[in-house]
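What follows is the content of run.cif (mmCIF, C-alpha atoms).
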data_work
loop_
_atom_site.label_atom_id
_atom_site.label_comp_id
_atom_site.auth_asym_id
_atom_site.auth_seq_id
_atom_site.Cartn_x
_atom_site.Cartn_y
_atom_site.Cartn_z
CA MET A 50 9.98 -0.02 -30.15
CA ARG A 51 10.17 -2.95 -27.69
CA GLU A 52 12.49 -0.90 -25.55
CA ALA A 53 10.00 1.97 -25.38
CA TYR A 54 7.40 -0.62 -24.43
CA HIS A 55 9.45 -1.91 -21.52
CA ASP A 56 10.08 1.64 -20.42
CA GLN A 57 6.33 2.09 -20.35
CA LEU A 58 5.89 -1.06 -18.26
CA ASP A 59 8.52 0.17 -15.80
CA SER A 60 6.91 3.55 -15.66
CA ILE A 61 3.60 1.97 -14.63
CA PHE A 62 5.34 0.52 -11.59
CA ARG A 63 6.99 3.85 -10.81
CA ASP A 64 3.56 5.50 -11.04
CA LEU A 65 2.02 2.85 -8.76
CA SER A 66 4.75 3.45 -6.23
CA ALA A 67 4.13 7.20 -6.42
CA VAL A 68 0.39 6.70 -5.82
CA CYS A 69 1.30 4.52 -2.86
CA GLY A 70 3.49 7.35 -1.52
CA ASN A 71 0.51 9.72 -1.71
CA VAL A 72 -1.65 7.18 0.09
CA GLN A 73 0.94 6.86 2.83
CA GLU A 74 0.91 10.63 3.27
CA ALA A 75 -2.91 10.55 3.42
CA VAL A 76 -2.86 7.89 6.16
CA ARG A 77 -0.21 9.82 8.10
CA LEU A 78 -1.99 13.17 7.93
CA ALA A 79 -5.46 11.71 8.57
CA THR A 80 -4.09 10.10 11.73
CA ARG A 81 -2.46 13.33 12.82
CA ALA A 82 -5.75 15.18 12.27
CA LEU A 83 -7.55 12.48 14.23
CA LEU A 84 -5.23 12.42 17.23
CA THR A 85 -4.80 16.19 17.51
CA GLY A 86 -8.29 17.33 16.41
CA ASP A 87 -6.74 19.51 13.72
CA ALA A 88 -9.42 20.59 11.21
CA GLU A 89 -6.93 22.08 8.75
CA THR A 90 -4.97 18.86 8.38
CA ALA A 91 -8.23 16.92 8.00
CA GLU A 92 -9.27 19.29 5.19
CA ALA A 93 -5.89 18.86 3.54
CA VAL A 94 -6.36 15.06 3.41
CA ILE A 95 -9.87 15.43 2.02
CA SER A 96 -8.86 17.83 -0.74
CA ALA A 97 -5.67 15.92 -1.63
CA ASP A 98 -7.76 12.84 -2.47
CA SER A 99 -8.62 14.17 -5.94
CA ALA A 100 -4.89 14.06 -6.78
CA ILE A 101 -4.85 10.35 -5.87
CA ASP A 102 -7.93 9.82 -8.04
CA GLU A 103 -6.30 11.60 -10.98
CA ALA A 104 -3.06 9.65 -10.59
CA THR A 105 -5.16 6.47 -10.51
CA GLU A 106 -6.83 7.44 -13.78
CA ARG A 107 -3.46 8.09 -15.40
CA VAL A 108 -2.21 4.64 -14.42
CA GLU A 109 -5.45 3.12 -15.77
CA ASP A 110 -5.10 5.01 -19.06
CA ASN A 111 -1.49 3.90 -19.44
CA CYS A 112 -2.42 0.28 -18.74
CA PHE A 113 -5.22 0.35 -21.30
CA SER A 114 -3.01 1.93 -23.89
CA LEU A 115 -0.30 -0.71 -23.33
CA LEU A 116 -2.90 -3.47 -23.48
CA SER A 117 -4.44 -2.30 -26.72
CA LEU A 118 -1.36 -1.08 -28.56
CA GLN A 119 1.21 -3.67 -27.55
CA GLN A 120 -0.81 -6.87 -27.28
CA PRO A 121 1.32 -8.12 -24.41
CA VAL A 122 1.44 -11.81 -23.54
CA ALA A 123 2.25 -13.95 -20.50
CA GLY A 124 4.36 -12.10 -17.93
CA ASP A 125 3.75 -8.63 -19.33
CA LEU A 126 0.04 -9.20 -19.48
CA ARG A 127 0.12 -10.29 -15.86
CA VAL A 128 1.96 -7.10 -14.94
CA ILE A 129 -0.52 -4.80 -16.63
CA VAL A 130 -3.69 -6.49 -15.42
CA SER A 131 -2.25 -6.67 -11.90
CA ALA A 132 -1.32 -2.99 -12.05
CA LEU A 133 -4.92 -2.14 -12.89
CA ARG A 134 -6.13 -4.02 -9.86
CA MET A 135 -3.42 -2.68 -7.56
CA VAL A 136 -4.22 0.90 -8.45
CA SER A 137 -7.91 0.33 -7.60
CA GLU A 138 -6.89 -0.88 -4.18
CA LEU A 139 -4.53 2.06 -3.62
CA GLU A 140 -7.32 4.42 -4.60
CA ARG A 141 -9.61 2.77 -2.00
CA MET A 142 -6.90 3.16 0.65
CA GLY A 143 -6.94 6.88 -0.16
CA ASP A 144 -10.73 6.95 0.29
CA LEU A 145 -10.43 5.18 3.64
CA SER A 146 -7.94 7.84 4.80
CA VAL A 147 -10.53 10.45 3.82
CA HIS A 148 -13.09 8.64 6.00
CA VAL A 149 -10.66 8.85 8.95
CA ALA A 150 -10.11 12.57 8.25
CA LYS A 151 -13.87 13.16 8.09
CA ILE A 152 -14.40 11.64 11.54
CA ALA A 153 -11.60 13.89 12.82
CA ARG A 154 -13.22 16.95 11.24
CA LEU A 155 -16.68 16.07 12.54
CA ARG A 156 -15.48 16.17 16.16
CA VAL A 157 -13.36 19.34 16.04
CA PRO A 158 -12.67 21.10 18.43
CA GLN A 159 -12.97 17.85 20.37
CA ILE A 160 -10.77 14.84 19.64
CA ALA A 161 -12.72 11.80 18.43
CA VAL A 162 -10.49 9.31 20.27
CA PRO A 163 -10.82 9.22 24.08
CA GLU A 164 -7.53 9.13 26.00
CA GLU A 165 -7.78 5.50 27.17
CA VAL A 166 -8.28 4.05 23.69
CA ARG A 167 -5.71 6.35 22.12
CA PRO A 168 -2.77 3.90 22.38
CA THR A 169 -4.78 1.22 20.53
CA ILE A 170 -5.93 3.55 17.74
CA ALA A 171 -2.50 5.21 17.47
CA ARG A 172 -0.91 1.77 17.12
CA MET A 173 -3.46 0.71 14.47
CA ALA A 174 -2.64 3.85 12.53
CA GLU A 175 1.08 3.21 12.90
CA VAL A 176 0.76 -0.37 11.67
CA ALA A 177 -1.37 0.77 8.72
CA GLU A 178 1.05 3.53 7.73
CA ASP A 179 4.02 1.22 8.06
CA MET A 180 2.32 -1.39 5.86
CA VAL A 181 1.57 1.23 3.21
CA SER A 182 5.17 2.42 3.30
CA ARG A 183 6.42 -1.13 2.84
CA VAL A 184 3.98 -1.74 -0.01
CA SER A 185 5.53 1.20 -1.82
CA GLN A 186 8.95 -0.40 -1.52
CA ILE A 187 7.58 -3.85 -2.40
CA ILE A 188 6.17 -2.40 -5.62
CA THR A 189 9.43 -0.66 -6.49
CA GLU A 190 11.65 -3.65 -5.75
CA ARG A 191 9.18 -6.46 -6.62
CA ASP A 192 10.11 -7.87 -3.20
CA VAL A 193 8.26 -11.18 -2.74
CA GLU A 194 9.63 -11.91 0.74
CA ALA A 195 8.59 -8.52 2.05
CA ALA A 196 5.15 -8.93 0.49
CA ILE A 197 4.64 -12.24 2.28
CA ALA A 198 5.81 -10.71 5.57
CA LEU A 199 3.02 -8.09 5.32
CA SER A 200 0.40 -10.62 6.38
CA ARG A 201 1.99 -10.89 9.79
CA ASP A 202 1.34 -7.21 10.44
CA ASP A 203 -2.19 -7.79 9.37
CA ASP A 204 -2.48 -10.24 12.27
CA GLU A 205 -1.40 -7.50 14.66
CA MET A 206 -4.07 -5.26 13.15
CA ASP A 207 -6.74 -7.89 13.85
CA ARG A 208 -5.57 -8.16 17.48
CA LEU A 209 -5.67 -4.39 17.89
CA ARG A 210 -9.16 -4.25 16.49
CA ARG A 211 -10.34 -6.89 18.97
CA ASN A 212 -8.67 -4.87 21.78
CA SER A 213 -10.54 -1.76 20.76
CA PHE A 214 -13.85 -3.65 20.91
CA THR A 215 -13.01 -5.01 24.36
CA GLN A 216 -12.37 -1.47 25.56
CA LEU A 217 -15.46 0.15 24.16
CA LEU A 218 -17.78 -2.67 25.23
CA SER A 219 -16.42 -2.86 28.78
CA ASP A 220 -18.48 -1.64 31.75
CA ASP A 221 -15.83 1.01 32.37
CA TRP A 222 -16.53 2.75 29.06
CA GLU A 223 -17.77 6.22 29.97
CA HIS A 224 -17.57 8.06 26.67
CA GLY A 225 -21.01 7.15 25.41
CA VAL A 226 -22.34 5.90 22.12
CA GLU A 227 -20.91 8.53 19.78
CA ALA A 228 -17.27 7.93 20.72
CA ALA A 229 -17.82 4.16 20.63
CA VAL A 230 -19.27 4.34 17.12
CA ASP A 231 -16.36 6.53 15.99
CA ILE A 232 -13.84 4.03 17.39
CA ALA A 233 -15.62 1.06 15.79
CA LEU A 234 -15.64 2.75 12.38
CA LEU A 235 -12.06 4.02 12.70
CA GLY A 236 -10.98 0.48 13.53
CA ARG A 237 -12.78 -0.75 10.44
CA TYR A 238 -11.09 1.87 8.22
CA TYR A 239 -7.57 1.12 9.45
CA GLU A 240 -8.23 -2.61 9.20
CA ARG A 241 -9.36 -2.20 5.58
CA ILE A 242 -6.27 -0.14 4.75
CA ALA A 243 -4.19 -3.02 6.09
CA ASP A 244 -6.23 -5.61 4.15
CA HIS A 245 -5.71 -3.70 0.93
CA ALA A 246 -1.98 -3.40 1.65
CA VAL A 247 -1.76 -7.20 2.00
CA SER A 248 -3.75 -7.65 -1.16
CA VAL A 249 -1.51 -5.27 -3.16
CA GLY A 250 1.48 -7.17 -1.76
CA ASN A 251 -0.05 -10.45 -2.92
CA ARG A 252 -0.52 -9.02 -6.40
CA VAL A 253 3.18 -8.17 -6.52
CA VAL A 254 3.90 -11.80 -5.60
CA PHE A 255 1.61 -12.82 -8.47
CA VAL A 256 3.39 -10.51 -10.90
CA VAL A 257 6.80 -11.92 -9.99
CA THR A 258 6.01 -15.61 -9.48
CA GLY A 259 2.83 -16.17 -11.52
CA SER A 260 0.87 -17.39 -8.52
CA PHE A 261 -0.57 -15.97 -5.33
CA PRO A 262 1.03 -16.84 -1.99
CA VAL A 263 -0.64 -19.87 -0.42
CA ALA A 264 -1.78 -19.91 3.20
CA SER A 265 1.28 -21.87 4.34
CA ASP A 266 3.61 -19.13 3.06
CA VAL A 267 1.99 -16.43 5.07
CA MET B 1006 -12.21 -20.06 -33.96
CA ARG B 1007 -13.50 -16.48 -33.68
CA GLU B 1008 -16.95 -17.82 -32.94
CA ALA B 1009 -15.68 -19.92 -30.07
CA TYR B 1010 -13.92 -16.81 -28.85
CA HIS B 1011 -17.12 -14.80 -28.80
CA ASP B 1012 -18.88 -17.65 -27.05
CA GLN B 1013 -16.19 -17.43 -24.40
CA LEU B 1014 -16.72 -13.68 -24.05
CA ASP B 1015 -20.47 -14.20 -23.66
CA SER B 1016 -19.90 -16.95 -21.17
CA ILE B 1017 -17.85 -14.59 -18.98
CA PHE B 1018 -20.88 -12.34 -18.73
CA ARG B 1019 -23.14 -15.27 -17.95
CA ASP B 1020 -20.72 -16.29 -15.21
CA LEU B 1021 -20.63 -12.76 -13.82
CA SER B 1022 -24.39 -12.70 -13.71
CA ALA B 1023 -24.42 -16.07 -11.92
CA VAL B 1024 -21.94 -14.78 -9.31
CA CYS B 1025 -24.19 -11.76 -8.88
CA GLY B 1026 -27.14 -14.10 -8.29
CA ASN B 1027 -25.18 -15.86 -5.53
CA VAL B 1028 -24.32 -12.51 -3.99
CA GLN B 1029 -27.98 -11.52 -4.02
CA GLU B 1030 -28.84 -14.74 -2.19
CA ALA B 1031 -26.09 -14.00 0.34
CA VAL B 1032 -27.46 -10.50 1.00
CA ARG B 1033 -31.00 -11.87 1.32
CA LEU B 1034 -30.10 -14.68 3.72
CA ALA B 1035 -27.71 -12.55 5.79
CA THR B 1036 -30.51 -10.04 6.29
CA ARG B 1037 -32.95 -12.78 7.24
CA ALA B 1038 -30.43 -14.15 9.76
CA LEU B 1039 -29.94 -10.64 11.11
CA LEU B 1040 -33.59 -9.74 11.52
CA THR B 1041 -34.68 -13.09 12.94
CA GLY B 1042 -31.57 -14.01 14.95
CA ASP B 1043 -31.31 -17.29 13.09
CA ALA B 1044 -27.89 -18.86 13.62
CA GLU B 1045 -28.38 -21.60 11.04
CA THR B 1046 -29.08 -19.16 8.23
CA ALA B 1047 -26.10 -17.05 9.32
CA GLU B 1048 -23.89 -20.15 9.14
CA ALA B 1049 -25.27 -20.96 5.69
CA VAL B 1050 -24.22 -17.52 4.39
CA ILE B 1051 -20.77 -17.86 5.93
CA SER B 1052 -20.13 -21.28 4.45
CA ALA B 1053 -21.61 -20.42 1.04
CA ASP B 1054 -19.03 -17.67 0.60
CA SER B 1055 -16.37 -20.12 -0.54
CA ALA B 1056 -18.57 -20.96 -3.55
CA ILE B 1057 -18.59 -17.25 -4.48
CA ASP B 1058 -14.81 -17.16 -4.10
CA GLU B 1059 -14.41 -20.21 -6.33
CA ALA B 1060 -16.77 -18.81 -8.97
CA THR B 1061 -14.74 -15.58 -8.84
CA GLU B 1062 -11.54 -17.51 -9.47
CA ARG B 1063 -13.09 -19.29 -12.44
CA VAL B 1064 -14.11 -15.97 -14.01
CA GLU B 1065 -10.59 -14.65 -13.40
CA ASP B 1066 -9.00 -17.72 -14.97
CA ASN B 1067 -11.26 -17.44 -18.01
CA CYS B 1068 -10.45 -13.77 -18.41
CA PHE B 1069 -6.72 -14.42 -18.21
CA SER B 1070 -6.93 -17.24 -20.68
CA LEU B 1071 -8.88 -15.07 -23.15
CA LEU B 1072 -6.42 -12.23 -22.67
CA SER B 1073 -3.37 -14.34 -23.28
CA LEU B 1074 -4.64 -16.68 -25.98
CA GLN B 1075 -6.79 -14.34 -28.02
CA GLN B 1076 -4.97 -11.03 -27.82
CA PRO B 1077 -8.20 -9.08 -27.89
CA VAL B 1078 -8.24 -5.42 -28.88
CA ALA B 1079 -10.48 -2.38 -28.31
CA GLY B 1080 -14.02 -3.36 -27.28
CA ASP B 1081 -13.22 -6.96 -26.40
CA LEU B 1082 -10.26 -5.92 -24.32
CA ARG B 1083 -12.50 -3.48 -22.48
CA VAL B 1084 -14.99 -6.28 -21.79
CA ILE B 1085 -12.41 -8.64 -20.34
CA VAL B 1086 -10.58 -6.13 -18.18
CA SER B 1087 -13.91 -4.77 -16.92
CA ALA B 1088 -15.09 -8.30 -16.14
CA LEU B 1089 -11.98 -8.84 -14.00
CA ARG B 1090 -12.75 -5.73 -12.02
CA MET B 1091 -16.48 -6.44 -11.75
CA VAL B 1092 -15.87 -9.89 -10.37
CA SER B 1093 -13.59 -8.45 -7.66
CA GLU B 1094 -16.38 -6.13 -6.60
CA LEU B 1095 -18.95 -8.93 -6.57
CA GLU B 1096 -16.62 -11.01 -4.45
CA ARG B 1097 -16.34 -8.11 -1.96
CA MET B 1098 -20.13 -7.83 -1.84
CA GLY B 1099 -20.19 -11.48 -0.83
CA ASP B 1100 -17.65 -10.77 1.93
CA LEU B 1101 -19.77 -7.88 3.19
CA SER B 1102 -22.79 -10.19 3.40
CA VAL B 1103 -20.65 -12.53 5.49
CA HIS B 1104 -19.88 -9.61 7.83
CA VAL B 1105 -23.61 -9.01 8.25
CA ALA B 1106 -24.16 -12.72 8.93
CA LYS B 1107 -21.35 -12.72 11.52
CA ILE B 1108 -22.95 -9.87 13.46
CA ALA B 1109 -26.23 -11.83 13.39
CA ARG B 1110 -24.47 -14.97 14.65
CA LEU B 1111 -22.59 -13.10 17.39
CA ARG B 1112 -25.86 -11.93 18.98
CA VAL B 1113 -27.85 -15.18 18.81
CA PRO B 1114 -30.21 -15.89 20.62
CA GLN B 1115 -30.71 -12.12 20.75
CA ILE B 1116 -31.40 -10.06 17.64
CA ALA B 1117 -28.69 -7.50 16.89
CA VAL B 1118 -31.15 -4.88 15.64
CA PRO B 1119 -33.36 -3.21 18.28
CA GLU B 1120 -37.03 -2.85 17.36
CA GLU B 1121 -37.04 0.92 16.81
CA VAL B 1122 -34.17 0.90 14.29
CA ARG B 1123 -35.46 -2.21 12.55
CA PRO B 1124 -37.42 -0.37 9.81
CA THR B 1125 -34.30 1.60 8.84
CA ILE B 1126 -32.01 -1.42 8.73
CA ALA B 1127 -34.64 -3.58 7.00
CA ARG B 1128 -35.06 -0.87 4.34
CA MET B 1129 -31.28 -0.58 3.87
CA ALA B 1130 -31.13 -4.33 3.35
CA GLU B 1131 -34.04 -4.19 0.91
CA VAL B 1132 -32.43 -1.40 -1.12
CA ALA B 1133 -29.12 -3.29 -1.18
CA GLU B 1134 -30.71 -6.56 -2.27
CA ASP B 1135 -32.78 -4.81 -4.93
CA MET B 1136 -29.67 -3.09 -6.27
CA VAL B 1137 -27.80 -6.38 -6.46
CA SER B 1138 -30.73 -8.00 -8.24
CA ARG B 1139 -30.80 -5.18 -10.79
CA VAL B 1140 -27.04 -5.40 -11.29
CA SER B 1141 -27.47 -9.02 -12.26
CA GLN B 1142 -29.96 -8.00 -14.95
CA ILE B 1143 -27.82 -5.02 -16.01
CA ILE B 1144 -24.93 -7.41 -16.60
CA THR B 1145 -27.07 -9.85 -18.57
CA GLU B 1146 -28.72 -7.21 -20.74
CA ARG B 1147 -25.87 -4.64 -20.85
CA ASP B 1148 -28.55 -2.14 -19.81
CA VAL B 1149 -26.94 1.31 -19.64
CA GLU B 1150 -30.10 3.17 -18.58
CA ALA B 1151 -30.73 0.81 -15.70
CA ALA B 1152 -27.08 1.10 -14.64
CA ILE B 1153 -27.33 4.88 -14.49
CA ALA B 1154 -30.59 4.65 -12.50
CA LEU B 1155 -28.77 2.63 -9.80
CA SER B 1156 -27.11 5.76 -8.44
CA ARG B 1157 -30.47 7.12 -7.38
CA ASP B 1158 -30.97 4.18 -5.05
CA ASP B 1159 -27.56 4.84 -3.69
CA ASP B 1160 -28.85 8.26 -2.60
CA GLU B 1161 -31.63 6.57 -0.65
CA MET B 1162 -29.01 4.38 1.00
CA ASP B 1163 -27.07 7.46 2.12
CA ARG B 1164 -30.25 8.97 3.59
CA LEU B 1165 -31.04 5.75 5.45
CA ARG B 1166 -27.54 5.62 6.85
CA ARG B 1167 -27.85 9.19 8.17
CA ASN B 1168 -31.23 8.23 9.71
CA SER B 1169 -29.68 5.31 11.52
CA PHE B 1170 -27.01 7.59 13.00
CA THR B 1171 -29.65 10.08 14.13
CA GLN B 1172 -31.46 7.26 15.91
CA LEU B 1173 -28.52 5.73 17.67
CA LEU B 1174 -27.02 9.07 18.73
CA SER B 1175 -30.32 10.45 20.06
CA ASP B 1176 -30.91 10.89 23.80
CA ASP B 1177 -33.70 8.32 23.56
CA TRP B 1178 -31.30 5.54 22.58
CA GLU B 1179 -31.51 2.99 25.37
CA HIS B 1180 -29.82 -0.04 23.86
CA GLY B 1181 -26.29 0.85 24.91
CA VAL B 1182 -22.97 0.84 23.13
CA GLU B 1183 -22.96 -2.70 21.76
CA ALA B 1184 -26.18 -2.37 19.77
CA ALA B 1185 -25.12 1.08 18.52
CA VAL B 1186 -21.78 -0.27 17.28
CA ASP B 1187 -23.57 -3.16 15.55
CA ILE B 1188 -25.95 -0.74 13.81
CA ALA B 1189 -23.11 1.57 12.73
CA LEU B 1190 -21.15 -1.33 11.23
CA LEU B 1191 -24.22 -2.91 9.62
CA GLY B 1192 -25.02 0.45 8.04
CA ARG B 1193 -21.48 0.59 6.72
CA TYR B 1194 -21.72 -2.93 5.24
CA TYR B 1195 -25.03 -2.33 3.44
CA GLU B 1196 -23.78 1.04 2.21
CA ARG B 1197 -20.66 -0.60 0.78
CA ILE B 1198 -22.72 -3.29 -0.94
CA ALA B 1199 -24.71 -0.48 -2.58
CA ASP B 1200 -21.52 1.40 -3.55
CA HIS B 1201 -20.12 -1.72 -5.19
CA ALA B 1202 -23.42 -2.29 -7.02
CA VAL B 1203 -23.21 1.24 -8.48
CA SER B 1204 -19.60 0.68 -9.41
CA VAL B 1205 -20.35 -2.62 -11.19
CA GLY B 1206 -23.18 -0.83 -13.01
CA ASN B 1207 -20.76 1.92 -14.08
CA ARG B 1208 -18.39 -0.69 -15.44
CA VAL B 1209 -21.20 -2.11 -17.58
CA VAL B 1210 -21.75 1.42 -18.93
CA PHE B 1211 -18.03 1.55 -19.70
CA VAL B 1212 -18.15 -1.80 -21.49
CA VAL B 1213 -21.05 -0.69 -23.67
CA THR B 1214 -20.20 2.96 -24.33
CA GLY B 1215 -16.43 3.13 -23.81
CA SER B 1216 -16.72 5.77 -21.09
CA PHE B 1217 -17.93 6.00 -17.51
CA PRO B 1218 -21.16 7.88 -16.77
CA VAL B 1219 -20.43 11.51 -15.90
CA ALA B 1220 -21.93 13.18 -12.84
CA SER B 1221 -24.62 14.93 -14.91
CA ASP B 1222 -25.99 11.57 -16.11
CA VAL B 1223 -26.52 10.28 -12.61
#
Encoding of this model in structure tokens:
Amino acid sequence: MREAYHDQLDSIFRDLSAVCGNVQEAVRLATRALLTGDAETAEAVISADSAIDEATERVEDNCFSLLSLQQPVAGDLRVIVSALRMVSELERMGDLSVHVAKIARLRVPQIAVPEEVRPTIARMAEVAEDMVSRVSQIITERDVEAAIALSRDDDEMDRLRRNSFTQLLSDDWEHGVEAAVDIALLGRYYERIADHAVSVGNRVVFVVTGSFPVASDV
Amino acid sequence: MREAYHDQLDSIFRDLSAVCGNVQEAVRLATRALLTGDAETAEAVISADSAIDEATERVEDNCFSLLSLQQPVAGDLRVIVSALRMVSELERMGDLSVHVAKIARLRVPQIAVPEEVRPTIARMAEVAEDMVSRVSQIITERDVEAAIALSRDDDEMDRLRRNSFTQLLSDDWEHGVEAAVDIALLGRYYERIADHAVSVGNRVVFVVTGSFPVASDV
């Protein structure tokens, strides 16, 4: 009985990691759609989101069933409640990828990102995808060190976002209001994906150590 | 013992409602700072956010202590886990108000919102604040009908956001890229506040009825 229970706990983490894998794929494909102006790939991201939502619901159902049937205490309780909150954040990261894909789709056959700001946006996307990929591993391996290291990438994301603002507010900007608004919102979406990645990482730290990383750790 | 336990459960809802009241104040003051270009009010919103964060942590601590000491089942379990998720959303709504206040502060002594788009943004802010105020009451009274009605306001928010885009992308727009980017991001922040309000409302429905409202209810 207790063994089956611990199998269930482990399976929640496997499911979380699987959701995270789907989110990573969503970020990757949304970025590809964005940088190539590919409507089909954008559509694929948008329709795949329901699978992330369903996987999220399954994790939630499993967590509730463990909570009500097993009456977990201390560490196990922390795991289950944290899993519920992690899966909400992963689901949001999926939604944010859909927002990126929708901007891509809106501009087809054009490409939403003008050439000169492409390196900045491409790098933001790369940082975001890399963070999501590491979160997946952090969840699987309960890797506290790696979770703490995530915040450093988040700093790079903040720098990139400031760069993008400098570019689109400069006097040399010649792509008009629409492209500027797209870039500002895209920057916001990638930044939020990164924020959620850090937050999921912090929840793993909480699961393992019982407390959140303090500012001096990060 | 059980009575003290139910007092604790009730007190979590009172605390949630109090956090919601602080969030409403943050939305109200951030909007005032935005529409009047008042740096002092913007600063007040930014520094008051730590009080929302601390109140959030207290609710979280209380929920964890109830979960681990009382081993609640069924309905009570649903209440506590939902409270944990509601308080996260309220905390985010506070952060979003800070984002609004920061845009206001960045443009002082100018006003970030050009005259012609002011009615749209002012109405978005009004809808958001009204939704937050109703959420506070919905939490206090566990009012399922009122929670379901919230989604209708969310539709108005979506319409207002589309309006704002029409304005800033029109050929008549003469306020340049910076103001357009501000408006796009402000629209996003108010829209997210409204989304979170609906989501908190839905969680109250879940607490009371055991299931989330389905699309046909809303």
Go through the shown structure with the PyMOL selection byres ((chain A) within 10 of (chain B)) and write out the matching residues as a ChimeraX atom specification. /A:113-114,116-127,130,133-134,137,214,217-219,222,224-234,237
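Every protein or nucleic acid residue with an atom no more than 9 Å from His1201 (chain B), counting all atoms listed in the file and leaving out same-chain residues fewer than 6 positions away, appears here: Met1091, Glu1094, Leu1095, Arg1097 and Met1098 of chain B.
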As a check of understanding, name the residues that the PyMOL selection byres ((chain A and resi 185) around 9) selects in the supplied structure, as a PyMOL selection string. chain A and resi 65-70+73+180-184+186-190
I'd like the contact shell of Glu1045 (chain B) - 12 Å cut-off, all atoms listed in the file, skipping same-chain residues fewer than 3 positions apart - returned as a ChimeraX atom specification. /B:1034-1035,1037-1039,1041-1042,1048-1052,1106-1107,1109-1110,1113-1114
So what does the PyMOL selection byres ((chain A and resi 204) around 12) actually pick up in this one, as a list in words?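 That selection, the PyMOL selection byres ((chain A and resi 204) around 12), comes back as Met173, Val176, Ala177, Met180, Ala198, Leu199, Ser200, Arg201, Asp202, Asp203, Glu205, Met206, Asp207, Arg208, Leu209, Arg210, Arg211, Glu240, Ala243, Asp244, Val247 and Val267 of chain A.
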Counting only C-alpha atoms, what is within 10 Å of Ala100 (chain A), bar same-chain residues fewer than 6 positions away, as a list of chain:residue names?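 With the cut-off at 10 Å, the set is A:Val68, A:Asn71, A:Glu106, A:Gly143.
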Just the number, please: distance in Å from CA of Glu165 (chain A) to CA of Arg77 (chain A), one decimal.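 So the answer is 21.0 Å.
CA of Tyr1195 (chain B) is positioned 18.6 Å from CA of Ala1053 (chain B).
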Show me the residues close to (0.4, 1.7, -17.2) - anything with an atom within 9 Å, counting all atoms listed in the file - and format the list as an NGL selection string. :A and (57-62 or 64-65 or 107-116 or 129 or 132-133)
